[in-house]
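Coordinates as given in final06.csv (CSV, C-alpha atoms):
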```
chain,number,residue,atom,x,y,z
A,1,MET,CA,2.8,19.3,16.4
A,2,LYS,CA,0.7,16.9,18.3
A,3,TYR,CA,-0.5,14.0,16.1
A,4,GLN,CA,-4.0,12.7,16.9
A,5,GLN,CA,-3.6,9.3,15.2
A,6,LEU,CA,-0.9,6.9,14.0
A,7,VAL,CA,-1.7,4.9,10.9
A,8,VAL,CA,0.5,2.0,9.7
A,9,ASN,CA,0.3,0.6,6.1
A,10,GLY,CA,2.1,-2.1,4.2
A,11,CYS,CA,2.0,-5.7,3.2
A,12,SER,CA,1.9,-8.8,5.4
A,13,TYR,CA,5.0,-7.8,7.3
A,14,MET,CA,3.2,-4.7,8.6
A,15,GLU,CA,-0.1,-6.6,8.9
A,16,SER,CA,1.6,-9.0,11.2
A,17,TYR,CA,3.0,-6.1,13.2
A,18,ALA,CA,-0.5,-4.6,13.6
A,19,SER,CA,-2.2,-7.9,14.4
A,20,GLY,CA,0.2,-8.1,17.3
A,21,PHE,CA,-0.9,-4.6,18.4
A,22,GLY,CA,2.6,-3.2,17.7
A,23,HIS,CA,1.0,0.0,16.2
A,24,GLN,CA,-1.1,0.5,19.3
A,25,GLU,CA,1.9,0.2,21.6
A,26,LEU,CA,3.9,2.6,19.4
A,27,ALA,CA,1.0,5.1,19.5
A,28,GLU,CA,0.9,4.8,23.3
A,29,ARG,CA,4.7,5.4,23.6
A,30,LEU,CA,4.4,8.5,21.4
A,31,SER,CA,1.3,9.7,23.3
A,32,ILE,CA,-0.9,9.5,20.2
A,33,PRO,CA,-4.5,8.8,21.2
A,34,GLN,CA,-5.6,6.6,18.2
A,35,ALA,CA,-3.9,3.9,16.1
A,36,MET,CA,-5.1,2.1,13.1
A,37,SER,CA,-3.8,-0.2,10.3
A,38,LEU,CA,-4.4,0.0,6.6
A,39,ALA,CA,-2.0,-3.0,6.0
A,40,ILE,CA,-3.1,-5.9,3.8
A,41,GLY,CA,-1.0,-9.0,3.0
A,42,GLY,CA,0.1,-9.2,-0.6
A,43,SER,CA,-0.1,-5.4,-1.1
A,44,ALA,CA,1.9,-3.7,-3.8
A,45,ASN,CA,3.7,-0.4,-3.2
A,46,SER,CA,1.2,1.4,-5.4
A,47,ARG,CA,-1.5,0.3,-3.0
A,48,ILE,CA,0.4,1.4,0.0
A,49,ILE,CA,0.9,4.9,-1.5
A,50,ARG,CA,-2.6,5.2,-2.9
A,51,THR,CA,-4.4,4.2,0.3
A,52,THR,CA,-2.1,6.3,2.5
A,53,LEU,CA,-2.8,9.4,0.4
A,54,LYS,CA,-6.5,8.5,0.3
A,55,HIS,CA,-6.7,8.2,4.1
A,56,SER,CA,-4.7,11.5,4.4
A,57,TYR,CA,-7.3,13.4,2.4
A,58,ILE,CA,-10.2,11.9,4.3
A,59,THR,CA,-9.0,12.4,7.8
A,60,LEU,CA,-9.3,15.8,9.6
A,61,GLN,CA,-6.7,14.8,12.2
A,62,PRO,CA,-3.0,15.4,12.0
A,63,THR,CA,-1.6,11.9,11.5
A,64,LEU,CA,1.7,10.1,11.7
A,65,TYR,CA,2.0,7.5,9.0
A,66,VAL,CA,4.4,4.6,9.4
A,67,LEU,CA,4.8,2.9,6.0
A,68,GLY,CA,6.6,-0.4,5.4
A,69,MET,CA,7.2,-0.6,1.6
A,70,THR,CA,7.1,-4.0,0.0
A,71,PHE,CA,8.7,-5.9,-2.9
A,72,VAL,CA,9.3,-3.7,-6.0
A,73,SER,CA,8.1,-6.5,-8.2
A,74,ARG,CA,4.5,-6.4,-6.9
A,75,GLU,CA,1.9,-4.9,-9.2
A,76,GLU,CA,-1.9,-4.4,-9.0
A,77,LEU,CA,-4.8,-4.0,-11.3
A,78,PRO,CA,-8.4,-2.7,-10.9
A,79,ILE,CA,-10.0,-6.1,-11.8
A,80,LEU,CA,-12.3,-6.7,-8.9
A,81,GLN,CA,-16.1,-6.2,-9.0
A,82,ALA,CA,-17.2,-2.6,-8.2
A,83,SER,CA,-17.0,-2.0,-4.5
A,84,SER,CA,-17.8,1.0,-2.3
A,85,ASP,CA,-15.2,0.1,0.3
A,86,PHE,CA,-12.0,1.9,0.8
A,87,GLU,CA,-9.9,-0.4,-1.4
A,88,GLY,CA,-12.0,0.0,-4.5
A,89,ARG,CA,-11.5,-2.5,-7.4
A,90,TRP,CA,-7.7,-2.8,-7.0
A,91,THR,CA,-5.9,-6.1,-6.2
A,92,ASN,CA,-2.5,-7.6,-6.5
A,93,PHE,CA,-3.2,-10.1,-9.2
A,94,GLN,CA,-0.1,-12.2,-8.6
A,95,ASN,CA,-0.4,-12.7,-4.8
A,96,GLN,CA,-4.0,-12.5,-3.9
A,97,SER,CA,-6.7,-15.0,-4.6
A,98,TRP,CA,-9.8,-13.0,-5.3
A,99,SER,CA,-11.2,-15.1,-8.1
A,100,SER,CA,-14.7,-15.0,-6.5
A,101,ARG,CA,-14.6,-11.1,-6.8
A,102,TRP,CA,-13.1,-10.7,-10.2
A,103,ASP,CA,-15.0,-8.5,-12.5
A,104,ALA,CA,-16.2,-10.4,-15.6
A,105,PRO,CA,-14.7,-11.0,-18.1
A,106,TRP,CA,-11.5,-11.3,-16.0
A,107,THR,CA,-10.5,-15.0,-15.6
A,108,GLN,CA,-7.7,-17.1,-14.1
A,109,ALA,CA,-6.3,-17.3,-17.7
A,110,ASP,CA,-5.9,-13.5,-17.7
A,111,THR,CA,-4.1,-13.6,-14.4
A,112,ASP,CA,-1.8,-16.3,-15.7
A,113,ALA,CA,-1.1,-14.3,-18.9
A,114,MET,CA,-0.4,-11.1,-16.9
A,115,ILE,CA,2.1,-13.0,-14.7
A,116,GLU,CA,3.9,-14.4,-17.8
A,117,LEU,CA,4.1,-11.0,-19.4
A,118,LYS,CA,5.3,-9.4,-16.2
A,119,LEU,CA,8.2,-11.9,-16.0
A,120,LYS,CA,9.3,-10.6,-19.4
A,121,TRP,CA,9.8,-7.0,-18.3
A,122,GLU,CA,10.5,-7.5,-14.6
A,123,LEU,CA,14.2,-8.5,-14.5
A,124,ASN,CA,15.5,-5.9,-17.0
A,125,SER,CA,13.6,-3.0,-15.5
A,126,ILE,CA,14.3,-3.1,-11.8
A,127,LEU,CA,16.3,0.1,-11.8
A,128,ASP,CA,13.7,2.0,-13.7
A,129,ARG,CA,10.9,0.7,-11.4
A,130,ALA,CA,12.9,1.5,-8.3
A,131,GLU,CA,13.5,5.0,-9.6
A,132,ASP,CA,9.8,5.4,-10.3
A,133,LEU,CA,9.0,4.2,-6.8
A,134,MET,CA,11.4,6.6,-5.3
A,135,TYR,CA,9.8,9.6,-7.0
A,136,ARG,CA,6.3,8.3,-6.0
A,137,ILE,CA,7.4,8.1,-2.4
A,138,LEU,CA,9.0,11.5,-2.5
A,139,ALA,CA,5.7,13.0,-4.0
A,140,MET,CA,3.7,11.3,-1.3
A,141,ILE,CA,6.0,12.6,1.5
A,142,HIS,CA,5.7,16.1,0.1
A,143,SER,CA,1.9,15.8,-0.1
A,144,LEU,CA,1.5,14.5,3.4
A,145,LYS,CA,3.9,17.1,5.0
A,146,SER,CA,2.3,20.0,3.1
A,147,ARG,CA,-1.1,19.1,4.7
A,148,GLY,CA,0.2,18.8,8.3
A,149,HIS,CA,0.9,15.1,8.5
A,150,ALA,CA,4.2,13.3,9.1
A,151,VAL,CA,5.5,10.1,7.7
A,152,ILE,CA,8.2,7.5,8.3
A,153,VAL,CA,8.9,5.3,5.3
A,154,PHE,CA,11.1,2.2,5.4
A,155,GLN,CA,11.7,-0.8,3.2
A,156,GLN,CA,10.4,-4.1,4.7
A,157,ALA,CA,11.1,-6.4,1.8
A,158,ASP,CA,13.6,-6.9,-1.1
```
Turn the structure described in the file into structure tokens.
Amino acid sequence: MKYQQLVVNGCSYMESYASGFGHQELAERLSIPQAMSLAIGGSANSRIIRTTLKHSYITLQPTLYVLGMTFVSREELPILQASSDFEGRWTNFQNQSWSSRWDAPWTQADTDAMIELKLKWELNSILDRAEDLMYRILAMIHSLKSRGHAVIVFQQAD
């Protein structure tokens, strides 16, 4: 199958790759006419999966997705003000400073409390969360392939 676009997604590692036009060079080498990046620094794996799937349902072109997964410990919440953009209300509360866009009544105290609570479950649940991520990735791969896309998934962090 001839892919019409290459889409990269991930955290700051992939964002840096894309800002250096690595995704465009890869697309050229693979004879894929279009290349774009969905990568955002501080992303959680759930964001990478969600936005990849969202893009895959929107596009009409067969796409090769190259996904650099990030730290298993990153989480996100839909705590930003309502937005019509592609990202929606989601943000990584522990790594991104969006306090000017938080949806009231969310505050810095709420972020601090979530980080403290997260530390309580984080260390003792790494195997459970890694297994959950594995099945989410497998489900995403199945969804993408069943609709004519292809995907390369690799671990960039951890």
ask   = Which is closer to Met140 (chain A) than all the others in A:Gly22, A:Leu123, A:Arg50, A:Ser12, using only C-alpha atoms?
value = A:Arg50
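Among the candidate residues A:Ala18, A:Gln4, A:Phe71, A:Gly42, the one lying nearest to Ala157 (chain A) is A:Phe71, with distances computed using only C-alpha atoms.
Near region 27-37 of chain A, within 10 Å and counting all atoms listed in the file, sit Lys2, Tyr3, Gln4, Gln5, Leu6, Val7, Val8, Asn9, Gly10, Met14, Glu15, Tyr17, Ala18, Ser19, Phe21, Gly22, His23, Gln24, Ile40, Thr63, Leu64, Tyr65 and Val66 of chain A, not including residues fewer than 3 positions from it in the same chain.
Proximity to Ser16 (chain A) was assessed for A:Lys118, A:Gln94, A:Leu53, A:Gly68 counting all atoms listed in the file; the smallest distance is recorded for A:Gly68.
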remark   = Using all atoms listed in the file, the best pick from A:Thr111, A:Thr51, A:Thr59, A:Ser100 as closest to Leu77 (chain A) would be A:Thr111
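CA of Trp90 (chain A) to CA of Arg47 (chain A) spans 8.0 Å [interatomic distance, one decimal].
We find CA of Glu122 (chain A) and CA of Val72 (chain A) to be spaced 9.5 Å apart.
Here CA of Ala44 (chain A) is placed at a distance of 9.8 Å from CA of Phe93 (chain A).
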request  = Using only C-alpha atoms, find the one residue out of A:Gln155, A:Asp112, A:Trp106, A:Arg147 that sits nearest to Ile58 (chain A).
outcome  = A:Arg147
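Shortest atom-to-atom contact with Asn92 (chain A) among A:Ser143, A:Ser43, A:Gln61, A:Gln156: A:Ser43, counting all atoms listed in the file.
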request  = Please identify all polymer residues within 10 Å of Trp102 (chain A), counting all atoms listed in the file, omitting same-chain residues fewer than 4 positions from it, and present them as number ranges by chain.
outcome  = A: 78-82, 89, 91, 93, 97-98, 106-108
